[in-house]
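Enquirer: So I've got this file, upload.cif, and it contains mmCIF, C-alpha atoms:
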```cif
data_work
#
loop_
_atom_site.group_PDB
_atom_site.id
_atom_site.type_symbol
_atom_site.label_atom_id
_atom_site.label_comp_id
_atom_site.auth_asym_id
_atom_site.auth_seq_id
_atom_site.Cartn_x
_atom_site.Cartn_y
_atom_site.Cartn_z
ATOM 1 C CA MET A 1324 -17.143 -18.453 18.623
ATOM 2 C CA GLN A 1325 -20.150 -17.012 16.842
ATOM 3 C CA ASN A 1326 -19.180 -13.588 18.171
ATOM 4 C CA LEU A 1327 -15.626 -13.978 16.952
ATOM 5 C CA ILE A 1328 -16.770 -14.822 13.439
ATOM 6 C CA HIS A 1329 -19.121 -11.881 13.575
ATOM 7 C CA PHE A 1330 -16.287 -9.574 14.600
ATOM 8 C CA LEU A 1331 -14.014 -10.921 11.880
ATOM 9 C CA SER A 1332 -16.704 -10.494 9.235
ATOM 10 C CA ASP A 1333 -17.734 -6.937 9.986
ATOM 11 C CA PRO A 1334 -15.458 -4.196 8.701
ATOM 12 C CA TRP A 1335 -13.124 -3.080 11.460
ATOM 13 C CA PRO A 1336 -13.430 0.535 12.650
ATOM 14 C CA TRP A 1337 -10.415 2.797 12.207
ATOM 15 C CA TYR A 1338 -9.601 2.853 15.934
ATOM 16 C CA VAL A 1339 -9.167 -0.934 15.861
ATOM 17 C CA ALA A 1340 -7.444 -1.252 12.486
ATOM 18 C CA GLY A 1341 -5.097 1.741 12.856
ATOM 19 C CA PRO A 1342 -3.426 0.614 16.106
ATOM 20 C CA LEU A 1343 -3.203 -2.949 14.739
ATOM 21 C CA ILE A 1344 -1.380 -1.627 11.671
ATOM 22 C CA GLY A 1345 0.922 0.387 13.948
ATOM 23 C CA LEU A 1346 1.622 -2.741 16.001
ATOM 24 C CA MET A 1347 2.855 -4.490 12.850
ATOM 25 C CA ILE A 1348 6.028 -2.387 13.250
ATOM 26 C CA PRO A 1349 7.154 -3.896 16.598
ATOM 27 C CA THR A 1350 5.798 -7.319 15.569
ATOM 28 C CA LEU A 1351 7.987 -7.387 12.456
ATOM 29 C CA LEU A 1352 10.966 -6.180 14.503
ATOM 30 C CA PHE A 1353 10.506 -8.760 17.267
ATOM 31 C CA VAL A 1354 9.791 -11.747 15.048
ATOM 32 C CA ILE A 1355 12.039 -11.238 11.992
ATOM 33 C CA ASN A 1356 13.828 -7.963 12.837
ATOM 34 C CA LYS A 1357 12.796 -6.215 9.601
ATOM 35 C CA ASP A 1358 11.434 -2.734 8.878
ATOM 36 C CA LEU A 1359 7.875 -2.531 7.565
ATOM 37 C CA GLY A 1360 7.763 -1.715 3.842
ATOM 38 C CA ILE A 1361 6.032 -3.077 0.762
ATOM 39 C CA SER A 1362 7.082 -1.283 -2.400
ATOM 40 C CA SER A 1363 10.695 -2.545 -2.381
ATOM 41 C CA SER A 1364 9.198 -5.949 -3.226
ATOM 42 C CA PHE A 1365 8.807 -4.697 -6.830
ATOM 43 C CA ARG A 1366 12.519 -3.946 -6.997
ATOM 44 C CA HIS A 1367 13.454 -7.347 -5.574
ATOM 45 C CA MET A 1368 11.238 -9.018 -8.187
ATOM 46 C CA CYS A 1369 13.248 -7.214 -10.878
ATOM 47 C CA ALA A 1370 16.478 -8.444 -9.278
ATOM 48 C CA MET A 1371 15.010 -11.945 -9.101
ATOM 49 C CA MET A 1372 14.130 -11.818 -12.808
ATOM 50 C CA GLY A 1373 17.831 -11.305 -13.463
ATOM 51 C CA LEU A 1374 17.927 -7.713 -14.734
ATOM 52 C CA LYS A 1375 21.522 -7.499 -13.539
ATOM 53 C CA LYS A 1376 22.662 -5.393 -16.460
ATOM 54 C CA ILE A 1377 20.927 -2.493 -14.745
ATOM 55 C CA SER A 1378 23.073 -1.637 -11.737
ATOM 56 C CA PHE A 1379 19.984 -0.805 -9.627
ATOM 57 C CA PHE A 1380 19.072 -4.504 -9.733
ATOM 58 C CA ASP A 1381 22.579 -5.914 -9.425
ATOM 59 C CA TYR A 1382 22.436 -7.366 -5.916
ATOM 60 C CA ASP A 1383 21.533 -10.669 -4.307
ATOM 61 C CA TRP A 1384 17.731 -10.642 -3.997
ATOM 62 C CA ARG A 1385 17.926 -13.667 -1.664
ATOM 63 C CA GLU A 1386 19.053 -11.306 1.086
ATOM 64 C CA HIS A 1387 15.660 -9.611 0.763
ATOM 65 C CA VAL A 1388 13.586 -12.733 0.319
ATOM 66 C CA TRP A 1389 11.589 -11.822 3.428
ATOM 67 C CA SER A 1390 9.994 -8.953 1.476
ATOM 68 C CA LEU A 1391 8.746 -11.369 -1.191
ATOM 69 C CA ASN A 1392 7.474 -13.797 1.441
ATOM 70 C CA PHE A 1393 5.711 -10.951 3.215
ATOM 71 C CA VAL A 1394 3.810 -9.773 0.125
ATOM 72 C CA PHE A 1395 3.042 -13.417 -0.717
ATOM 73 C CA GLY A 1396 1.419 -13.556 2.725
ATOM 74 C CA ILE A 1397 -0.667 -10.465 1.894
ATOM 75 C CA PHE A 1398 -1.804 -12.217 -1.287
ATOM 76 C CA LEU A 1399 -2.748 -15.311 0.772
ATOM 77 C CA SER A 1400 -4.674 -13.127 3.233
ATOM 78 C CA GLY A 1401 -6.940 -12.136 0.341
ATOM 79 C CA ILE A 1402 -7.723 -15.762 -0.391
ATOM 80 C CA ILE A 1403 -8.276 -16.585 3.292
ATOM 81 C CA VAL A 1404 -10.545 -13.611 3.948
ATOM 82 C CA SER A 1405 -12.655 -14.229 0.866
ATOM 83 C CA LEU A 1406 -13.079 -17.902 1.788
ATOM 84 C CA PHE A 1407 -13.691 -17.709 5.519
ATOM 85 C CA PHE A 1408 -14.797 -14.262 6.615
ATOM 86 C CA PRO A 1409 -15.599 -12.057 3.637
ATOM 87 C CA ASN A 1410 -16.410 -8.396 4.120
ATOM 88 C CA PRO A 1411 -19.976 -7.198 3.614
ATOM 89 C CA GLU A 1412 -20.878 -6.425 0.025
ATOM 90 C CA GLU A 1413 -20.704 -2.660 0.210
ATOM 91 C CA VAL A 1414 -18.433 -0.135 1.838
ATOM 92 C CA ASN A 1415 -20.474 2.320 3.875
ATOM 93 C CA LEU A 1416 -20.125 5.546 1.874
ATOM 94 C CA SER A 1417 -21.646 8.992 2.388
ATOM 95 C CA GLU A 1418 -24.651 9.928 0.232
ATOM 96 C CA ASN A 1419 -22.735 12.861 -1.078
ATOM 97 C CA PHE A 1420 -19.897 10.703 -2.277
ATOM 98 C CA ILE A 1421 -22.199 8.104 -3.858
ATOM 99 C CA ALA A 1422 -23.864 10.920 -5.806
ATOM 100 C CA TRP A 1423 -20.456 12.128 -7.037
ATOM 101 C CA LEU A 1424 -19.508 8.610 -8.096
ATOM 102 C CA GLN A 1425 -22.719 8.267 -10.075
ATOM 103 C CA GLU A 1426 -22.012 11.510 -11.845
ATOM 104 C CA MET A 1427 -18.633 10.031 -12.790
ATOM 105 C CA GLY A 1428 -20.233 6.936 -14.271
ATOM 106 C CA VAL A 1429 -19.450 4.658 -11.324
ATOM 107 C CA SER A 1430 -22.768 3.158 -10.239
ATOM 108 C CA ASP A 1431 -21.721 -0.278 -8.973
ATOM 109 C CA ILE A 1432 -20.398 0.293 -5.466
ATOM 110 C CA LYS A 1433 -20.270 -3.355 -4.391
ATOM 111 C CA GLY A 1434 -16.975 -4.948 -3.395
ATOM 112 C CA PHE A 1435 -13.590 -3.270 -3.132
ATOM 113 C CA LEU A 1436 -13.161 -2.157 -6.728
ATOM 114 C CA PRO A 1437 -15.809 -0.570 -8.963
ATOM 115 C CA GLN A 1438 -16.830 -3.173 -11.505
ATOM 116 C CA ASP A 1439 -17.584 -0.379 -13.968
ATOM 117 C CA ILE A 1440 -13.815 0.049 -14.343
ATOM 118 C CA PHE A 1441 -11.881 -2.967 -13.039
ATOM 119 C CA GLN A 1442 -13.009 -5.704 -15.415
ATOM 120 C CA TRP A 1443 -11.198 -7.666 -18.105
ATOM 121 C CA SER A 1444 -14.037 -6.961 -20.511
ATOM 122 C CA PHE A 1445 -13.398 -3.199 -20.194
ATOM 123 C CA LEU A 1446 -9.771 -3.419 -21.281
ATOM 124 C CA ASN A 1447 -10.785 -1.727 -24.522
ATOM 125 C CA SER A 1448 -12.098 1.305 -22.660
ATOM 126 C CA PRO A 1449 -9.668 4.218 -22.362
ATOM 127 C CA ARG A 1450 -10.502 4.956 -18.728
ATOM 128 C CA THR A 1451 -9.791 1.389 -17.610
ATOM 129 C CA LEU A 1452 -6.492 1.360 -19.489
ATOM 130 C CA VAL A 1453 -5.303 4.717 -18.167
ATOM 131 C CA ILE A 1454 -6.241 3.809 -14.599
ATOM 132 C CA LEU A 1455 -4.693 0.327 -14.586
ATOM 133 C CA ILE A 1456 -1.554 0.948 -16.600
ATOM 134 C CA GLY A 1457 -0.933 4.599 -15.733
ATOM 135 C CA GLY A 1458 -1.809 4.164 -12.057
ATOM 136 C CA GLY A 1459 0.353 1.069 -11.666
ATOM 137 C CA PHE A 1460 3.294 2.644 -13.477
ATOM 138 C CA LEU A 1461 3.237 5.809 -11.335
ATOM 139 C CA ILE A 1462 2.998 3.787 -8.137
ATOM 140 C CA GLY A 1463 6.051 1.750 -9.089
ATOM 141 C CA PHE A 1464 8.100 4.643 -10.416
ATOM 142 C CA GLY A 1465 7.088 7.081 -7.677
ATOM 143 C CA SER A 1466 7.591 4.748 -4.741
ATOM 144 C CA ARG A 1467 11.104 3.829 -5.854
ATOM 145 C CA TYR A 1468 12.010 7.452 -6.558
ATOM 146 C CA ALA A 1469 10.610 8.548 -3.185
ATOM 147 C CA GLY A 1470 12.243 5.585 -1.415
ATOM 148 C CA GLY A 1471 9.038 4.056 -0.094
ATOM 149 C CA CYS A 1472 5.257 3.899 -0.261
ATOM 150 C CA THR A 1473 2.389 4.287 2.160
ATOM 151 C CA SER A 1474 3.733 1.602 4.492
ATOM 152 C CA GLY A 1475 7.456 2.429 4.333
ATOM 153 C CA HIS A 1476 7.074 6.206 4.498
ATOM 154 C CA ALA A 1477 3.622 7.015 5.919
ATOM 155 C CA ILE A 1478 3.491 4.272 8.575
ATOM 156 C CA MET A 1479 7.102 3.247 9.287
ATOM 157 C CA GLY A 1480 8.882 6.484 8.352
ATOM 158 C CA LEU A 1481 6.537 8.842 10.197
ATOM 159 C CA SER A 1482 6.682 6.549 13.251
ATOM 160 C CA GLN A 1483 10.467 7.028 13.159
ATOM 161 C CA LEU A 1484 9.957 10.819 12.905
ATOM 162 C CA SER A 1485 11.889 10.817 9.637
ATOM 163 C CA ILE A 1486 11.943 14.175 7.867
ATOM 164 C CA GLY A 1487 12.407 12.478 4.477
ATOM 165 C CA SER A 1488 9.269 10.432 5.074
ATOM 166 C CA LEU A 1489 7.315 13.517 6.098
ATOM 167 C CA ILE A 1490 8.334 15.220 2.839
ATOM 168 C CA ALA A 1491 7.339 12.096 0.898
ATOM 169 C CA VAL A 1492 3.945 11.849 2.608
ATOM 170 C CA ILE A 1493 3.261 15.532 1.900
ATOM 171 C CA GLY A 1494 4.117 14.687 -1.722
ATOM 172 C CA PHE A 1495 1.736 11.682 -1.669
ATOM 173 C CA PHE A 1496 -1.145 13.937 -0.655
ATOM 174 C CA ILE A 1497 -0.279 16.809 -2.987
ATOM 175 C CA GLY A 1498 -0.167 14.330 -5.881
ATOM 176 C CA GLY A 1499 -3.230 12.425 -4.711
ATOM 177 C CA LEU A 1500 -5.356 15.536 -4.231
ATOM 178 C CA ILE A 1501 -4.408 16.978 -7.621
ATOM 179 C CA VAL A 1502 -5.315 13.769 -9.437
ATOM 180 C CA SER A 1503 -8.407 13.040 -7.435
ATOM 181 C CA TRP A 1504 -9.926 16.532 -7.830
ATOM 182 C CA PHE A 1505 -8.696 17.648 -11.243
ATOM 183 C CA VAL A 1506 -7.601 14.629 -13.264
ATOM 184 C CA LEU A 1507 -9.754 11.685 -12.191
ATOM 185 C CA PRO A 1508 -13.094 13.378 -13.037
ATOM 186 C CA PHE A 1509 -11.775 13.867 -16.556
ATOM 187 C CA ILE A 1510 -10.477 10.294 -16.873
ATOM 188 C CA LEU A 1511 -13.581 8.703 -15.355
ATOM 189 C CA THR A 1512 -15.779 10.397 -17.928
ATOM 190 C CA LEU A 1513 -13.556 9.402 -20.873
ATOM 191 C CA MET B 165 11.112 -21.677 9.255
ATOM 192 C CA LYS B 166 11.812 -17.973 8.965
ATOM 193 C CA SER B 167 9.941 -17.901 5.638
ATOM 194 C CA ILE B 168 6.862 -19.416 7.240
ATOM 195 C CA LYS B 169 6.955 -16.820 10.012
ATOM 196 C CA THR B 170 7.253 -14.037 7.438
ATOM 197 C CA ILE B 171 4.404 -15.390 5.315
ATOM 198 C CA PHE B 172 2.281 -15.596 8.447
ATOM 199 C CA LEU B 173 3.080 -11.948 9.266
ATOM 200 C CA GLY B 174 2.074 -11.010 5.720
ATOM 201 C CA ILE B 175 -1.248 -12.804 6.198
ATOM 202 C CA LEU B 176 -1.757 -10.853 9.412
ATOM 203 C CA PHE B 177 -0.964 -7.493 7.807
ATOM 204 C CA GLY B 178 -3.070 -8.265 4.736
ATOM 205 C CA THR B 179 -6.040 -9.308 6.845
ATOM 206 C CA ILE B 180 -5.929 -6.008 8.737
ATOM 207 C CA LEU B 181 -5.719 -4.049 5.464
ATOM 208 C CA ILE B 182 -8.715 -5.925 4.060
ATOM 209 C CA LYS B 183 -10.924 -5.949 7.147
ATOM 210 C CA SER B 184 -10.342 -2.222 7.689
ATOM 211 C CA GLU B 185 -11.330 -1.618 4.037
ATOM 212 C CA ALA B 186 -7.963 0.111 3.438
ATOM 213 C CA VAL B 187 -7.792 -1.980 0.246
ATOM 214 C CA SER B 188 -11.010 -0.425 -1.035
ATOM 215 C CA TRP B 189 -10.863 1.854 -4.073
ATOM 216 C CA PHE B 190 -13.911 3.624 -2.654
ATOM 217 C CA ARG B 191 -12.180 4.320 0.675
ATOM 218 C CA ILE B 192 -9.138 5.843 -1.040
ATOM 219 C CA GLN B 193 -11.179 8.114 -3.316
ATOM 220 C CA GLU B 194 -13.387 9.071 -0.367
ATOM 221 C CA MET B 195 -10.277 10.002 1.628
ATOM 222 C CA PHE B 196 -8.983 12.318 -1.103
ATOM 223 C CA HIS B 197 -12.429 13.903 -1.300
ATOM 224 C CA PHE B 198 -12.550 14.478 2.483
ATOM 225 C CA GLU B 199 -15.850 12.603 2.626
ATOM 226 C CA SER B 200 -14.895 10.429 5.585
ATOM 227 C CA PHE B 201 -12.506 10.354 8.515
ATOM 228 C CA HIS B 202 -11.955 6.585 8.211
ATOM 229 C CA MET B 203 -8.611 6.488 6.335
ATOM 230 C CA TYR B 204 -7.199 9.497 8.213
ATOM 231 C CA GLY B 205 -8.117 7.772 11.477
ATOM 232 C CA ILE B 206 -6.372 4.585 10.363
ATOM 233 C CA ILE B 207 -3.172 6.315 9.238
ATOM 234 C CA GLY B 208 -3.058 8.661 12.238
ATOM 235 C CA SER B 209 -3.624 5.998 14.877
ATOM 236 C CA ALA B 210 -1.232 3.601 13.108
ATOM 237 C CA VAL B 211 1.532 6.214 13.196
ATOM 238 C CA ALA B 212 0.829 7.058 16.855
ATOM 239 C CA THR B 213 0.961 3.377 17.831
ATOM 240 C CA GLY B 214 4.079 2.752 15.742
ATOM 241 C CA MET B 215 5.828 5.785 17.208
ATOM 242 C CA ILE B 216 5.117 4.743 20.803
ATOM 243 C CA SER B 217 6.205 1.160 20.058
ATOM 244 C CA LEU B 218 9.519 2.329 18.612
ATOM 245 C CA MET B 219 10.120 4.643 21.577
ATOM 246 C CA VAL B 220 9.500 1.802 24.037
ATOM 247 C CA ILE B 221 11.819 -0.523 22.083
ATOM 248 C CA LYS B 222 14.545 2.117 22.103
ATOM 249 C CA LYS B 223 14.135 3.213 25.738
ATOM 250 C CA MET B 224 14.173 -0.331 27.060
ATOM 251 C CA SER B 225 16.749 -1.545 24.493
ATOM 252 C CA LEU B 226 14.463 -4.487 23.720
ATOM 253 C CA ARG B 227 15.840 -7.306 21.591
ATOM 254 C CA SER B 228 14.205 -9.474 18.964
ATOM 255 C CA LEU B 229 12.880 -12.934 19.874
ATOM 256 C CA THR B 230 16.145 -14.445 18.628
ATOM 257 C CA GLY B 231 18.148 -12.021 20.766
ATOM 258 C CA GLU B 232 19.296 -9.689 17.996
ATOM 259 C CA GLU B 233 19.663 -5.997 18.588
ATOM 260 C CA ILE B 234 16.699 -4.063 17.138
ATOM 261 C CA LYS B 235 17.859 -1.119 15.068
ATOM 262 C CA PRO B 236 15.342 0.102 12.486
ATOM 263 C CA LYS B 237 17.112 1.756 9.571
ATOM 264 C CA ALA B 238 16.385 5.465 9.458
ATOM 265 C CA GLN B 239 14.665 6.526 6.229
ATOM 266 C CA PRO B 240 17.318 8.718 4.617
ATOM 267 C CA LEU B 241 16.489 12.319 3.774
ATOM 268 C CA ILE B 242 16.755 12.736 -0.001
ATOM 269 C CA LYS B 243 14.847 15.990 -0.395
ATOM 270 C CA TYR B 244 14.056 16.155 -4.103
ATOM 271 C CA ALA B 245 13.515 12.414 -4.465
ATOM 272 C CA ASN B 246 11.233 12.265 -1.436
ATOM 273 C CA PHE B 247 9.185 15.180 -2.703
ATOM 274 C CA PHE B 248 8.976 14.588 -6.462
ATOM 275 C CA GLY B 249 8.837 10.806 -6.074
ATOM 276 C CA GLY B 250 6.142 11.326 -3.460
ATOM 277 C CA ILE B 251 4.067 13.452 -5.828
ATOM 278 C CA LEU B 252 4.364 10.871 -8.621
ATOM 279 C CA PHE B 253 3.374 8.139 -6.187
ATOM 280 C CA GLY B 254 0.410 10.266 -5.078
ATOM 281 C CA PHE B 255 -0.688 10.624 -8.713
ATOM 282 C CA GLY B 256 -0.674 6.840 -9.033
ATOM 283 C CA TRP B 257 -2.314 6.248 -5.649
ATOM 284 C CA ALA B 258 -5.318 8.404 -6.541
ATOM 285 C CA LEU B 259 -5.475 7.299 -10.172
ATOM 286 C CA LEU B 260 -5.503 3.599 -9.317
ATOM 287 C CA GLY B 261 -7.182 3.973 -5.923
ATOM 288 C CA ALA B 262 -4.791 1.536 -4.278
ATOM 289 C CA CYS B 263 -1.215 1.466 -2.992
ATOM 290 C CA PRO B 264 1.224 -1.473 -3.173
ATOM 291 C CA GLY B 265 0.160 -3.468 -0.068
ATOM 292 C CA PRO B 266 -3.524 -3.514 -1.025
ATOM 293 C CA LEU B 267 -2.641 -4.512 -4.608
ATOM 294 C CA TYR B 268 -1.362 -7.898 -3.411
ATOM 295 C CA GLY B 269 -4.396 -8.314 -1.144
ATOM 296 C CA LEU B 270 -6.869 -7.435 -3.903
ATOM 297 C CA PHE B 271 -5.215 -9.956 -6.198
ATOM 298 C CA GLY B 272 -5.700 -12.639 -3.523
ATOM 299 C CA LEU B 273 -9.314 -11.562 -3.026
ATOM 300 C CA GLY B 274 -9.935 -12.662 -6.584
ATOM 301 C CA TYR B 275 -9.627 -9.406 -8.527
ATOM 302 C CA SER B 276 -7.421 -11.018 -11.171
ATOM 303 C CA ILE B 277 -7.274 -7.827 -13.251
ATOM 304 C CA ILE B 278 -4.981 -6.359 -10.568
ATOM 305 C CA ILE B 279 -2.146 -8.310 -12.198
ATOM 306 C CA ILE B 280 -2.068 -5.475 -14.779
ATOM 307 C CA PRO B 281 -1.208 -2.648 -12.348
ATOM 308 C CA ILE B 282 1.216 -4.985 -10.526
ATOM 309 C CA CYS B 283 3.115 -5.641 -13.780
ATOM 310 C CA SER B 284 2.839 -1.981 -14.655
ATOM 311 C CA ALA B 285 4.331 -1.024 -11.274
ATOM 312 C CA ILE B 286 7.270 -3.354 -11.918
ATOM 313 C CA LEU B 287 7.706 -1.685 -15.304
ATOM 314 C CA GLY B 288 7.654 1.677 -13.504
ATOM 315 C CA VAL B 289 10.472 0.521 -11.214
ATOM 316 C CA ILE B 290 12.512 -0.623 -14.239
ATOM 317 C CA CYS B 291 12.006 2.771 -15.911
ATOM 318 C CA TYR B 292 13.039 4.525 -12.710
ATOM 319 C CA ALA B 293 16.202 2.394 -12.607
ATOM 320 C CA LEU B 294 17.005 3.440 -16.184
ATOM 321 C CA VAL B 295 16.561 7.182 -15.681
ATOM 322 C CA ARG B 296 17.507 7.629 -12.017
ATOM 323 C CA ASP B 297 20.921 9.151 -12.823
ATOM 324 C CA LYS B 298 19.165 11.984 -14.627
ATOM 325 C CA LEU B 299 16.655 12.749 -11.860
ATOM 326 C CA PRO B 300 17.273 15.188 -9.002
ATOM 327 C CA HIS B 301 17.728 13.434 -5.666
#
```
In structure tokens, what does this structure look like?
Expert:
Amino acid sequence: MQNLIHFLSDPWPWYVAGPLIGLMIPTLLFVINKDLGISSSFRHMCAMMGLKKISFFDYDWREHVWSLNFVFGIFLSGIIVSLFFPNPEEVNLSENFIAWLQEMGVSDIKGFLPQDIFQWSFLNSPRTLVILIGGGFLIGFGSRYAGGCTSGHAIMGLSQLSIGSLIAVIGFFIGGLIVSWFVLPFILTL
Amino acid sequence: MKSIKTIFLGILFGTILIKSEAVSWFRIQEMFHFESFHMYGIIGSAVATGMISLMVIKKMSLRSLTGEEIKPKAQPLIKYANFFGGILFGFGWALLGACPGPLYGLFGLGYSIIIIPICSAILGVICYALVRDKLPH
């Protein structure tokens, strides 16, 4: 039992976590017969809010209620993990990367999100606003335009050998690399 | 009953995302800076496992637990949308340091400020819906 709690508490290595994520695909198919995907939940929320005047949201969201239940479960997993088997305080980062972060004004590397940026009290700082509002907006807009996000395209789509998903994932990395190398350093030092 | 099963599956998926640190802003930035193999290992081995699972399901014509036929919908090829939408998503992924699944998990972990990017993402979807006729697909 002690060992189990120990295992649950330590961060899982990629060769454990990756296959487990891959196995979510057959698990979802066997248990509820649905395709893995997260970002469509945003669209279903719009349909649920009754934005029927926009044809994109004019459908019965109840047929997709599983997607909302699934992301509700992800939300609950956060509560459960933080209560019963929280991760260690710090992610194990390379020295090199920590030095880069410091240069960018990110010195607090505890937890999952840098507290130098992701805090209510920093809502008046331009970098926090651009990151939260701009980042969220692009994720929503981009995932719907591309027809999926990291789970629907990168995990599910690539597993299906879908060409569309491969194009999307190439796009994810082109976009991600451009922002991370050329835009983020500028925004972080705003 | 089906809802409870689905919520349970969400808890399972979320727990894996959290325990593997895939929800970590630091892990995502580190991945884009090629400072660690961790995220590439996760994505690569997840795809390999998913691919094999789907092949086995297809080869053996396996059925769901309730006896339904399993037929995953193929992701349609919409060239321009896949590519340009993908790039925009990538911008957001690196800017925010999180993708949609982790957003819900981070919110549950107690990072209440994540409600802002979640609302902003919904706003992004609404804007997409309004301009989609004018975008190349």
Enquirer: For Ile242 in chain B, find every residue with an atom within 9 Å (counting all atoms listed in the file), except residues of its own chain fewer than 6 positions away, and show them as a count of residues only.
Expert: 4
Enquirer: Using Å and a single decimal, report how far CA of Lys1433 in chain A sits from CA of Pro1411 in chain A.
Expert: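 Going from CA of Pro1411 in chain A over to CA of Lys1433 in chain A, I get 8.9 Å.
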Enquirer: Do you know which residues are at most 12 Å from Val1506 in chain A counting all atoms listed in the file, after dropping those on the same chain fewer than 2 positions away, and could you put them as a PyMOL selection string?
Expert: (chain A and resi 1427+1450+1453-1454+1498-1504+1508-1513) or (chain B and resi 255-256+258-260)
Enquirer: So, with all atoms listed in the file as the atoms that count, which of A:Trp1443, A:Phe1395, A:Phe1408, A:Phe1496 lies closest to Gly249 in chain B?
Expert: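 The shortest atom-to-atom distance to Gly249 in chain B comes from A:Phe1496.
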Enquirer: Could you list the residues chosen by the PyMOL selection byres ((chain B) within 6 of (chain A)) in this structure as number ranges by chain?
Expert: B: 170-171, 174-175, 178-179, 183-184, 188-189, 196, 202, 205-206, 209-211, 213-215, 228-229, 241, 245-247, 249-256, 258-260, 264-265, 268-269, 272-273, 281, 284-286, 288-289, 292-293
Enquirer: Only C-alpha atoms, please: the residues just picked out, written as a PDB file, in the frame of the given file.
Expert:
```pdb
ATOM      1  CA  THR B 170       7.253 -14.037   7.438  1.00  0.00           C
ATOM      2  CA  ILE B 171       4.404 -15.390   5.315  1.00  0.00           C
ATOM      3  CA  GLY B 174       2.074 -11.010   5.720  1.00  0.00           C
ATOM      4  CA  ILE B 175      -1.248 -12.804   6.198  1.00  0.00           C
ATOM      5  CA  GLY B 178      -3.070  -8.265   4.736  1.00  0.00           C
ATOM      6  CA  THR B 179      -6.040  -9.308   6.845  1.00  0.00           C
ATOM      7  CA  LYS B 183     -10.924  -5.949   7.147  1.00  0.00           C
ATOM      8  CA  SER B 184     -10.342  -2.222   7.689  1.00  0.00           C
ATOM      9  CA  SER B 188     -11.010  -0.425  -1.035  1.00  0.00           C
ATOM     10  CA  TRP B 189     -10.863   1.854  -4.073  1.00  0.00           C
ATOM     11  CA  PHE B 196      -8.983  12.318  -1.103  1.00  0.00           C
ATOM     12  CA  HIS B 202     -11.955   6.585   8.211  1.00  0.00           C
ATOM     13  CA  GLY B 205      -8.117   7.772  11.477  1.00  0.00           C
ATOM     14  CA  ILE B 206      -6.372   4.585  10.363  1.00  0.00           C
ATOM     15  CA  SER B 209      -3.624   5.998  14.877  1.00  0.00           C
ATOM     16  CA  ALA B 210      -1.232   3.601  13.108  1.00  0.00           C
ATOM     17  CA  VAL B 211       1.532   6.214  13.196  1.00  0.00           C
ATOM     18  CA  THR B 213       0.961   3.377  17.831  1.00  0.00           C
ATOM     19  CA  GLY B 214       4.079   2.752  15.742  1.00  0.00           C
ATOM     20  CA  MET B 215       5.828   5.785  17.208  1.00  0.00           C
ATOM     21  CA  SER B 228      14.205  -9.474  18.964  1.00  0.00           C
ATOM     22  CA  LEU B 229      12.880 -12.934  19.874  1.00  0.00           C
ATOM     23  CA  LEU B 241      16.489  12.319   3.774  1.00  0.00           C
ATOM     24  CA  ALA B 245      13.515  12.414  -4.465  1.00  0.00           C
ATOM     25  CA  ASN B 246      11.233  12.265  -1.436  1.00  0.00           C
ATOM     26  CA  PHE B 247       9.185  15.180  -2.703  1.00  0.00           C
ATOM     27  CA  GLY B 249       8.837  10.806  -6.074  1.00  0.00           C
ATOM     28  CA  GLY B 250       6.142  11.326  -3.460  1.00  0.00           C
ATOM     29  CA  ILE B 251       4.067  13.452  -5.828  1.00  0.00           C
ATOM     30  CA  LEU B 252       4.364  10.871  -8.621  1.00  0.00           C
ATOM     31  CA  PHE B 253       3.374   8.139  -6.187  1.00  0.00           C
ATOM     32  CA  GLY B 254       0.410  10.266  -5.078  1.00  0.00           C
ATOM     33  CA  PHE B 255      -0.688  10.624  -8.713  1.00  0.00           C
ATOM     34  CA  GLY B 256      -0.674   6.840  -9.033  1.00  0.00           C
ATOM     35  CA  ALA B 258      -5.318   8.404  -6.541  1.00  0.00           C
ATOM     36  CA  LEU B 259      -5.475   7.299 -10.172  1.00  0.00           C
ATOM     37  CA  LEU B 260      -5.503   3.599  -9.317  1.00  0.00           C
ATOM     38  CA  PRO B 264       1.224  -1.473  -3.173  1.00  0.00           C
ATOM     39  CA  GLY B 265       0.160  -3.468  -0.068  1.00  0.00           C
ATOM     40  CA  TYR B 268      -1.362  -7.898  -3.411  1.00  0.00           C
ATOM     41  CA  GLY B 269      -4.396  -8.314  -1.144  1.00  0.00           C
ATOM     42  CA  GLY B 272      -5.700 -12.639  -3.523  1.00  0.00           C
ATOM     43  CA  LEU B 273      -9.314 -11.562  -3.026  1.00  0.00           C
ATOM     44  CA  PRO B 281      -1.208  -2.648 -12.348  1.00  0.00           C
ATOM     45  CA  SER B 284       2.839  -1.981 -14.655  1.00  0.00           C
ATOM     46  CA  ALA B 285       4.331  -1.024 -11.274  1.00  0.00           C
ATOM     47  CA  ILE B 286       7.270  -3.354 -11.918  1.00  0.00           C
ATOM     48  CA  GLY B 288       7.654   1.677 -13.504  1.00  0.00           C
ATOM     49  CA  VAL B 289      10.472   0.521 -11.214  1.00  0.00           C
ATOM     50  CA  TYR B 292      13.039   4.525 -12.710  1.00  0.00           C
ATOM     51  CA  ALA B 293      16.202   2.394 -12.607  1.00  0.00           C
TER      52      ALA B 293
END
```
Enquirer: Could you jot down the CA of Pro236 in chain B to CA of Ala212 in chain B separation for me, Å, one decimal place?
Expert: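 Those two atoms sit 16.7 Å apart.
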Enquirer: Please measure the separation of CA of Gln193 in chain B and CA of Gln1425 in chain A, giving the value in Å to one decimal.
Expert: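 So the two atoms, CA of Gln193 in chain B and CA of Gln1425 in chain A, lie 13.4 Å apart.
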Enquirer: Report, as AutoDock Vina command-line options, the axis-aligned box around all atoms of range 179-197 of chain B present in the file, extended by 4 Å on each side; give centre and edge lengths in Å to one decimal place.
Expert:
```
--center_x -9.8 --center_y 2.3 --center_z 2.3 --size_x 16.2 --size_y 31.2 --size_z 20.8
```
